[in-house]
Each structure stands twice: as structure tokens, then as C-alpha cells.
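Visitor: Below you'll find the structure I mean.
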Amino acid sequence: MITAGLVKDLRDKTGAGMMDCKKVLTETNGDMEKAMDLLRERGIAKAAKKSDRIAAEGLVYCYVSDDKKVGVVLEVNIETDFAAKNEEFKTFVADLAVQVADKNPANVEELENQPFDKEAGKTVKEVLTDKIATIGENMSIRRFERFESNGAVTSYIHGNGKIGVLVDLETGSEEVAKDVCMQIAAAKPEYLDREAVPADVVEKEMEMLKAQAMNEGKPAEIAEKMVQGRIGKYYGEICLLEQDFVKNPDVKVNDLLKENSAKVVRYARYEKGEGLAKREENFAEEVAKQMG
């Protein structure tokens with residue numbers, strides 16, 4: 001006999017609905033382990049149906065170890081901003097960031113195939129699938145970056161997980177590190193310095209600047225000189241060290257670092273959903289689907 005207590009116990013363990021729990025317990029003659037496996041199998045089926053739905057909301061999350069030697073920035077996506085505020089989702093993202101810091105996976109695929117530290121007997125991918133079933137929205141682990149530092153790692157989160165910044169500072173104070181984090185969040189530099197800009201990117205920009213100058217009616221030799229002057233402004237927009245400091249535009253970031261004996265080794269800036277197609281809400285369509 002399948003008792004109400006047994007159904008409640010299974011529901012507490014799995015988060016599945018009461019009717020689903022009763023059904024699988026009946027099918028497995030009250031065997032709790034088999035019932036849990038069956039729910040998981042059906043959860044996978046539910047997750048598969050959701051896998052083609054756009055997940056461009058979610059969280060960007062940063063984790064830094066207590067000794068400041070290891071830092072992680074991670075983006076996990078979900079379909080709606082509402083679901084991104086779900087405590088179960090937020091806890092899962094935080095746990096993933098710690099796992100990346102501790103286990104140092106090479107990429108997302110390797111991370112997904114690792115045993116999940118917070119749930120014995122399951123891989124990260126299996127737990128992700130369970131979360132899709134229980135939360136009811138498509139989810140994906142999109143990307144992460146992990147720094148191991150000889151100096152100190154500092155992080156900054158803006159807008160409740162909209163933007164996350166990780167900075168590896170070889171030397172310098174915590175205050176300077178925070179200023180650099182906020183600079184990166186606000187000014188969105190593409191490269192650390194001039195040396196980091198690929199040659200083909202510079203060449204393309206210089207060709208465009210020369211074409212602009214010649215379109216202004218300048219002779220080729222004058223256009224060349226104008227390009228040399230204007231390329232500096234381009235570097236000032238895309239290179240962190242050459243940007244105007246957001247707190248004091250009269251000072252360059254590189255000057256700020258020199259004044260404080262600080263050196264940036266590398267940085268990472270993630271913005272939630274950047275480059276992803278956004279889901280377009282159609283409430284009339286959603287209601288029609290619900291009504292069958």
C-alpha cells in the first residue's frame with residue numbers, strides 16, 4: 001500500500017509533485033530508490049522538451065577564495081529573470097563557481113562531466129538536468145574563467161548579477177583593485193594594453209581611419225599622419241590601461257596604477273546574455289498554449 005507518508009517523503013527528497021510521486025511509487029511497488037530513479041528519468045524527458053527554448057537571462061557570479069589566490073567568474077543562463085531570482089537556482093550557480101575554483105575544469109564540457117561536489121552520485125550535468133525539471137525552465141552553463149594569482153584576485157558584481165568582473169593584480173592595494181574592477185565594468189575595455197590588440201584588428205582600424213581622412217579631402221600623405229594621431233584615441237577606447245579613469249577623467253588608468261605601485265596581469269568581464277538572442281514574450285500565445 002502506498003501511504004501518504006511515503007508520497008510526502010519522496011516529494012521532500014525530489015521536489016516533484018504529489019501526483020507524480022504517487023504514480024511512480026505505485027509503479028515501483030513502493031521502492032523509494034527505484035521511484036527516485038524513475039522520477040529522474042522523467043525529469044530528463046521534461047528537460048529535453050525545454051532544451052530548444054531560449055535561455056538568455058540568468059546570473060553572472062564571482063567567487064574568490066579566502067586567500068585571494070583563486071578567482072572565478074561564471075555565467076549560467078535561464079529563460080526568465082523571475083526564475084533567475086529563485087534561491088535554488090542561485091545556490092546552484094554559487095556551488096558551481098566553488099567547484100570550478102576547486103577542481104579547475106578545462107572547459108564547460110569537462111565541468112558538466114565532473115561529479116558534483118554538493119550532490120553525491122551525480123555529475124554536474126545530471127544535477128543541471130534535475131534543476132531544469134524542478135525549476136521548470138531551460139538552463140545552461142554558458143562559460144567561466146578561472147584565475148590563479150601570484151598576487152591577489154579581486155571581483156566585482158554589478159546589478160545583481162548583470163555584470164561580473166574578475167581582476168588579477170600582481171601588486172597593489174584592495175582599494176585600487178576595486179577601482180579597476182569598476183572601471184572595467186563601466187568602460188568595457190576589450191584589451192589590457194596595446195600589445196594585446198591583434199595586428200589584424202589594428203590594421204583594419206587604420207585602414208578605416210585613412211579612408212575617413214581621404215574622404216575629408218586630405219591628400220594621402222596628410223591622411224597617413226592623421227591616422228597616427230587618431231589611432232591613439234582608438235587605443236584609449238579599447239585598452240584598459242589607456243582609458244580615462246572613470247572616477248577622474250583627467251587621469252589614465254595606467255597613471256593610477258603607477259601612482260599606487262599596482263600592476264594588472266589580466267582581467268575578465270562577463271555581461272549576462274551578451275551575444276545571445278533574447279526571448280520575446282508573447283503572453284497571449286503563452287496563455288493559449290496553457291489552455292491547450
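Letters for chains follow the order of the C-alpha cells (A, B, ...), residue numbers begin at 1 for each chain, and ligand numbers begin at 1 in the order shown.
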Could you give me, as a tab-separated table, a per-residue list for range 114-182 of chain A showing, wherever an atom lies at most 7 Å from an atom of range 64-83 of chain A, the closest pair of atoms and their distance in Å to one decimal, using only C-alpha atoms and sorting by chain then residue number from low to high?

Guide:
residue	atom	partner	partner_atom	distance
A:Glu137	CA	A:Glu79	CA	6.0
A:Asn138	CA	A:Ile78	CA	5.8
A:Met139	CA	A:Ile78	CA	4.4
A:Ser140	CA	A:Asn77	CA	5.2
A:Ile141	CA	A:Val76	CA	4.5
A:Arg142	CA	A:Val76	CA	5.6
A:Arg143	CA	A:Glu75	CA	5.5
A:Phe144	CA	A:Leu74	CA	4.2
A:Glu145	CA	A:Val73	CA	5.4
A:Arg146	CA	A:Val72	CA	4.5
A:Phe147	CA	A:Gly71	CA	5.2
A:Glu148	CA	A:Val70	CA	4.6
A:Ser149	CA	A:Lys69	CA	5.0
A:Asn150	CA	A:Lys69	CA	6.8
A:Gly151	CA	A:Lys69	CA	6.9
A:Ala152	CA	A:Lys68	CA	5.0
A:Val153	CA	A:Lys68	CA	5.2
A:Gly164	CA	A:Val73	CA	6.6
A:Leu166	CA	A:Val73	CA	6.4

Visitor: Counting only C-alpha atoms, what is within 8 Å of Tyr156 in chain A, bar same-chain residues fewer than 4 positions away, as a list in words?

Guide: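 My reading of the contact set: Cys62, Gly164, Val165, Leu166, Lys178, Cys181 and Met182 of chain A.
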
Visitor: Can you pull out every residue within 9 Å of Lys90 in chain A, counting only C-alpha atoms, but drop anything in the same chain fewer than 6 positions away, and send it as an MDAnalysis selection string?

Guide: chainID A and resid 58:59 84

Visitor: Once you have the residues from the selection above, write them out as an mmCIF file, in the first residue's frame, restricted to all heavy atoms.

Guide:
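Generated output (out15.cif):
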data_model
loop_
_atom_site.group_PDB
_atom_site.id
_atom_site.type_symbol
_atom_site.label_atom_id
_atom_site.label_comp_id
_atom_site.auth_asym_id
_atom_site.auth_seq_id
_atom_site.Cartn_x
_atom_site.Cartn_y
_atom_site.Cartn_z
ATOM 1 N N GLY A 58 19.521 34.944 -16.423
ATOM 2 C CA GLY A 58 20.361 34.154 -15.532
ATOM 3 C C GLY A 58 21.200 35.006 -14.622
ATOM 4 O O GLY A 58 20.802 36.092 -14.199
ATOM 5 N N LEU A 59 22.422 34.506 -14.346
ATOM 6 C CA LEU A 59 23.309 35.176 -13.400
ATOM 7 C C LEU A 59 24.747 35.131 -13.880
ATOM 8 O O LEU A 59 25.208 34.116 -14.406
ATOM 9 C CB LEU A 59 23.265 34.490 -12.035
ATOM 10 C CG LEU A 59 22.170 34.819 -11.041
ATOM 11 C CD1 LEU A 59 22.351 33.957 -9.798
ATOM 12 C CD2 LEU A 59 22.180 36.291 -10.672
ATOM 13 N N ALA A 84 15.600 33.494 -12.441
ATOM 14 C CA ALA A 84 16.985 33.756 -12.034
ATOM 15 C C ALA A 84 17.069 34.188 -10.577
ATOM 16 O O ALA A 84 18.137 34.098 -9.957
ATOM 17 C CB ALA A 84 17.594 34.829 -12.926
#

Visitor: Determine, counting only C-alpha atoms, which protein, DNA and RNA residues have an atom within 7 Å of an atom of range 21-31 of chain A; residues of the same chain fewer than 6 positions away are not included. Present the result as a ChimeraX atom specification.

Guide: /A:2,7,10-11,38

Visitor: Name the residues of range 35-179 of chain A that come out as alpha helix (DSSP H) in a backbone DSSP run; write them as an MDAnalysis selection string.

Guide: chainID A and resid 35:50 81:84 87:103 108:113 124:135 174:179

Visitor: CA of Tyr191 in chain A and CA of Val264 in chain A, how far apart in Å?

Guide: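 Separation between CA of Val264 in chain A and CA of Tyr191 in chain A: 11.8 Å.
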
Visitor: So, with only C-alpha atoms as the atoms that count, which of A:Glu110, A:Glu259, A:Asp130, A:Asp179 lies closest to Glu88 in chain A?

Guide: A:Asp130

Visitor: Out of A:Glu205, A:Lys8, A:Gln243, A:Lys252, which residue has the shortest atom-to-atom distance to Arg230 in chain A when counting only C-alpha atoms?

Guide: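 Closest to Arg230 in chain A, using only C-alpha atoms: A:Glu205.
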
Visitor: Which of these residues is nearest to Asp168 in chain A, using only C-alpha atoms: A:Leu257, A:Met208, A:Ala101, A:Ala268?

Guide: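 Counting only C-alpha atoms, the residue closest to Asp168 in chain A is A:Ala268.
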
Visitor: From a DSSP calculation on the backbone, collect every residue of range 66-188 of chain A in strand (DSSP E) and output the set as a PyMOL selection string.

Guide: chain A and resi 70-78+139-148+152-158+163-171

Visitor: As an exercise, work out the distance from CA of Asp117 in chain A to CA of Asp95 in chain A in Å and give it to one decimal place.

Guide: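 That distance, rounded to one decimal, is 8.2 Å.
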
Visitor: I'd like the neighbourhood of Leu192 in chain A as a list in words, where a residue qualifies if any of its atoms comes within 12 Å (using only C-alpha atoms), though same-chain residues fewer than 5 positions away should be ignored.

Guide: Val167, Asp168, Val180, Ile184, Val197, Pro198, Tyr235, Gly236, Glu237, Ile238, Cys239, Leu240, Leu241, Glu242, Gln243, Val253, Asn254, Lys263, Val264, Val265, Arg266, Tyr267, Ala268 and Arg269 of chain A

Visitor: Taking 4 positions as the minimum chain separation for residues in the same chain, which residues sit within 12 Å of Phe116 in chain A when counting only C-alpha atoms? Answer as JSON, numbers by chain.

Guide: {"A": [92, 95, 96, 97, 98, 99, 100, 102, 103, 110, 111, 112, 120, 121, 122, 123, 124, 125, 126, 127, 128]}

Visitor: Which is closer to Lys272 in chain A than all the others in A:Asn113, A:Ser173, A:Asn160, A:Thr91, using only C-alpha atoms?

Guide: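 Among the listed residues, the smallest separation from Lys272 in chain A belongs to A:Asn160.
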
Visitor: Let me make sure I understand: among A:Thr171, A:Gln212, A:Gln228, A:Gln183, which one has the smallest atom-to-atom distance to Ser261 in chain A if we use only C-alpha atoms?

Guide: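 Using only C-alpha atoms, the shortest distance to Ser261 in chain A belongs to A:Thr171.
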
Visitor: What separation in Å, quoted to one decimal, exists between CA of Tyr234 in chain A and CA of Leu169 in chain A?

Guide: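 Between CA of Tyr234 in chain A and CA of Leu169 in chain A the gap works out to 24.8 Å.
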